[in-house]
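J.: The structure under discussion is supplied below as structure tokens; questions concerning it will follow.
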Amino acid sequence: MNDEGLILILLRCINLTWLKLREYREITEAGMAAIGKNCKALKKLSCASCVFGIKRINAVISHCQGLEELSVKRLRGAHDGEEVVGSGTTSVTPVCLKEIVNGQSFAPLMIGSKRLRSLKVIGCLGDWDDTLEKIENLHAALVDVHLEKIQVSDVGLVGLSKCLNLDTLHIVKTAECSNVGLNLVAKNCRILRKLHVDGWRTNRIGDDGLIFVAKHCINLQELALIGIYPTSSRLEAIASKCKALERCCIWPSKTTLRHVFSQQVILSDGDLSTLANMKFNLELNHLTIETDMPQGSEDPSMLGCREAAERR
């Protein structure tokens, strides 16, 4: 589809609320300008692998004041020096940016959103510390943050720690983040329920950060540790203090964790009180316990469990 085809659609769908553009390389600035002019009721905009650049994204956002969701991935034509996106107040709730050369052009949009609740920044170049500091200072209601393969350090995590309502946090392959930043997030974001950390085998996040997670994030329900090598004492602390924990995965390989559907789990390397607490957690979450162990195993500090049939 080209500009002419898009304009024909827009002229006949003036009440359009959701538009998704994917790999439309023939749509140019003229087509994007038509969206802003004709679809002022637009609520959701998603663009992937397009070539019209940041300038025309801004043209849509500036005219569609009711826009609530924005997802931009692999946008071509996004270069340093272009105008910024969303310099005024917006109502965007979730923002997802992926693999954009100058993703920081969207910083005014994120900062100016009155209801920003979810932020995902993946593979976007540039230093994000300053942007995150400004966002977190203005958006204490932010509940879901995903930072992956971007330049962000403990400075950005310090700003993130001001979001007291943070519910879900993914820190994935951010080489400059360390125990210091994680400690502050864990200490301040007490209602955190989901935490995924991919340490990228840099050893900057480890036991010192996990002990703060165990101490302060008692509402934690899901924990995934990739490229991190915690000691048994830290795992025991998490198992003992995070009584709501439902899912815990340690993934020391290079493979990214996608989904965990465990047929069988063996709990070991802990004393009987720790294992008893984890057994209680499993039963609360509709998991059945198998007392029969693999042949030849007589270790009383090991438990087997399997997912109940009703969970299928």
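Residue numbering restarts at 1 in every chain; chains get A, B, ... in the order shown in the structure tokens, and ligands count up from 1 in that same order.
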Extract, using only C-alpha atoms, all DNA, RNA and protein residues at most 7 Å from segment 8-15 of chain A, discarding same-chain residues fewer than 4 positions from it, and format them as a ChimeraX atom specification.
T.: /A:4,35,38-39,41
J.: Keeping only N, CA and C atoms, write the selected residues to a file as a short mmCIF file (atom, residue, chain, number, x, y, z; two decimals), in the first residue's frame.
T.:
```cif
data_model
loop_
_atom_site.label_atom_id
_atom_site.label_comp_id
_atom_site.auth_asym_id
_atom_site.auth_seq_id
_atom_site.Cartn_x
_atom_site.Cartn_y
_atom_site.Cartn_z
N GLU A 4 -1.46 6.94 -1.64
CA GLU A 4 -2.78 7.10 -2.26
C GLU A 4 -3.79 6.14 -1.65
N ILE A 35 -3.12 10.99 8.12
CA ILE A 35 -3.63 10.35 9.33
C ILE A 35 -3.97 11.40 10.39
N ASN A 38 -7.14 13.51 9.24
CA ASN A 38 -8.45 12.89 9.06
C ASN A 38 -8.90 11.97 10.20
N CYS A 39 -7.98 11.53 11.04
CA CYS A 39 -8.33 10.55 12.08
C CYS A 39 -8.06 11.11 13.47
N ALA A 41 -9.84 10.85 16.00
CA ALA A 41 -10.35 9.97 17.07
C ALA A 41 -9.42 8.79 17.32
#
```
J.: For the structure I just gave you, how does DSSP split segment 56-218 of chain A - specifically, which residues are strand (DSSP E or B)? Reply as a ChimeraX atom specification.
T.: /A:69-73,90,94-98,113,118-122,127,144-148,151,153,168-172,176,194-198
J.: Just N, CA and C atoms for this one: save the residues we selected as a short mmCIF file (atom, residue, chain, number, x, y, z; two decimals), in the first residue's frame.
T.:
```cif
data_model
loop_
_atom_site.label_atom_id
_atom_site.label_comp_id
_atom_site.auth_asym_id
_atom_site.auth_seq_id
_atom_site.Cartn_x
_atom_site.Cartn_y
_atom_site.Cartn_z
N GLU A 69 -2.34 4.68 23.08
CA GLU A 69 -1.31 3.66 22.98
C GLU A 69 -0.40 3.94 21.79
N LEU A 70 0.91 3.79 22.01
CA LEU A 70 1.87 4.03 20.94
C LEU A 70 2.95 2.96 20.96
N SER A 71 3.16 2.35 19.78
CA SER A 71 4.22 1.36 19.63
C SER A 71 4.97 1.67 18.34
N VAL A 72 6.27 1.90 18.45
CA VAL A 72 7.10 2.23 17.28
C VAL A 72 8.33 1.32 17.30
N LYS A 73 8.50 0.55 16.23
CA LYS A 73 9.60 -0.40 16.16
C LYS A 73 10.33 -0.28 14.82
N THR A 90 0.19 14.85 26.65
CA THR A 90 -0.50 13.77 25.96
C THR A 90 -1.17 12.85 26.98
N PRO A 94 0.51 3.34 27.52
CA PRO A 94 1.69 2.53 27.28
C PRO A 94 2.51 3.07 26.10
N VAL A 95 3.82 3.03 26.24
CA VAL A 95 4.73 3.41 25.15
C VAL A 95 5.73 2.29 24.96
N CYS A 96 5.88 1.84 23.71
CA CYS A 96 6.84 0.80 23.39
C CYS A 96 7.74 1.29 22.25
N LEU A 97 9.03 1.34 22.49
CA LEU A 97 10.01 1.75 21.49
C LEU A 97 11.02 0.63 21.31
N LYS A 98 11.26 0.25 20.07
CA LYS A 98 12.18 -0.85 19.82
C LYS A 98 13.06 -0.57 18.62
N SER A 113 3.21 12.76 29.13
CA SER A 113 2.00 11.97 29.27
C SER A 113 1.48 12.04 30.70
N SER A 118 2.97 2.23 31.43
CA SER A 118 3.83 1.16 30.94
C SER A 118 4.86 1.72 29.97
N LEU A 119 6.12 1.36 30.17
CA LEU A 119 7.21 1.87 29.33
C LEU A 119 8.13 0.72 28.95
N LYS A 120 8.31 0.51 27.64
CA LYS A 120 9.22 -0.50 27.14
C LYS A 120 10.20 0.17 26.18
N VAL A 121 11.48 0.06 26.47
CA VAL A 121 12.52 0.61 25.61
C VAL A 121 13.50 -0.51 25.33
N ILE A 122 13.57 -0.93 24.07
CA ILE A 122 14.37 -2.09 23.69
C ILE A 122 15.29 -1.74 22.52
N ASP A 127 22.13 7.45 25.53
CA ASP A 127 22.17 7.35 26.99
C ASP A 127 20.78 7.68 27.54
N ASP A 144 4.81 -0.53 35.05
CA ASP A 144 5.43 -1.58 34.25
C ASP A 144 6.57 -0.98 33.44
N VAL A 145 7.80 -1.46 33.66
CA VAL A 145 8.98 -0.94 32.95
C VAL A 145 9.80 -2.10 32.41
N HIS A 146 10.17 -1.99 31.14
CA HIS A 146 11.00 -3.00 30.49
C HIS A 146 12.15 -2.29 29.81
N LEU A 147 13.37 -2.50 30.29
CA LEU A 147 14.57 -1.90 29.72
C LEU A 147 15.46 -3.02 29.19
N GLU A 148 15.74 -2.99 27.90
CA GLU A 148 16.49 -4.09 27.30
C GLU A 148 17.49 -3.58 26.26
N GLN A 151 21.60 1.74 26.82
CA GLN A 151 22.62 2.32 27.69
C GLN A 151 21.93 3.00 28.87
N SER A 153 22.33 3.12 33.37
CA SER A 153 23.15 2.74 34.51
C SER A 153 22.34 2.82 35.79
N THR A 168 5.94 -4.34 37.84
CA THR A 168 6.71 -5.25 36.98
C THR A 168 7.96 -4.55 36.48
N LEU A 169 9.10 -5.22 36.60
CA LEU A 169 10.36 -4.64 36.14
C LEU A 169 11.20 -5.69 35.41
N HIS A 170 11.59 -5.34 34.18
CA HIS A 170 12.52 -6.16 33.40
C HIS A 170 13.80 -5.35 33.18
N ILE A 171 14.92 -5.87 33.65
CA ILE A 171 16.23 -5.27 33.39
C ILE A 171 17.01 -6.30 32.60
N VAL A 172 17.10 -6.11 31.30
CA VAL A 172 17.62 -7.15 30.41
C VAL A 172 18.84 -6.63 29.64
N GLU A 176 25.54 -1.71 32.41
CA GLU A 176 26.01 -0.75 33.40
C GLU A 176 25.18 -0.75 34.68
N LYS A 194 6.70 -8.72 39.89
CA LYS A 194 7.43 -9.46 38.86
C LYS A 194 8.77 -8.80 38.61
N LEU A 195 9.83 -9.59 38.72
CA LEU A 195 11.18 -9.07 38.49
C LEU A 195 11.94 -10.04 37.61
N HIS A 196 12.39 -9.53 36.44
CA HIS A 196 13.22 -10.30 35.52
C HIS A 196 14.54 -9.56 35.35
N VAL A 197 15.64 -10.23 35.62
CA VAL A 197 16.96 -9.61 35.49
C VAL A 197 17.84 -10.51 34.63
N ASP A 198 18.34 -9.97 33.54
CA ASP A 198 19.33 -10.65 32.71
C ASP A 198 20.65 -9.92 32.90
#
```
J.: For Ile228 of chain A, which of A:Val213, A:Cys249, A:Ala30, A:Cys242 is the closest residue, counting only C-alpha atoms?
T.: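 Smallest distance to Ile228 of chain A is found for A:Cys249.
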J.: Please provide the set of residues having any atom within 7 Å of Met32 of chain A, restricted to only C-alpha atoms, with same-chain residues fewer than 3 positions apart removed, written as a ChimeraX atom specification.
T.: /A:28-29,35-36,56,60
J.: Work out how far atom CA of Ile205 of chain A is from atom CA of Ser232 of chain A, in Å to one decimal.
T.: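 One can read the atom CA of Ser232 of chain A to atom CA of Ile205 of chain A distance as 15.6 Å.
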J.: Find the residues around Trp18 of chain A up to 7 Å (only C-alpha atoms counted), leave out those fewer than 4 positions away in its own chain, and share them as a VMD selection string.
T.: chain A and resid 42 to 45
J.: Calculated over only C-alpha atoms, which of the candidates A:Leu6, A:Cys177, A:Cys47, A:Val158 has the smallest distance to Ile100 of chain A?
T.: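 So, comparing all the options, the nearest one is A:Cys47.
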J.: Applying 9 Å and only C-alpha atoms, which residues near Gly181 of chain A remain after dropping the ones on its own chain fewer than 6 positions away? List them as a ChimeraX atom specification.
T.: /A:153-158,160-161,209
J.: Find the residues near Ala141 of chain A: any atom within 7 Å, counting only C-alpha atoms, skip ones fewer than 2 places away on the same chain, and give them as JSON, numbers by chain.
T.: {"A": [117, 139, 143, 163, 165]}
J.: For a quick check of understanding, using only C-alpha atoms, which of A:Asn183, A:Asn102, A:Thr231, A:Ser91 has the smallest distance to Arg74 of chain A?
T.: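 Of the candidates, the smallest distance to Arg74 of chain A is held by A:Asn102.
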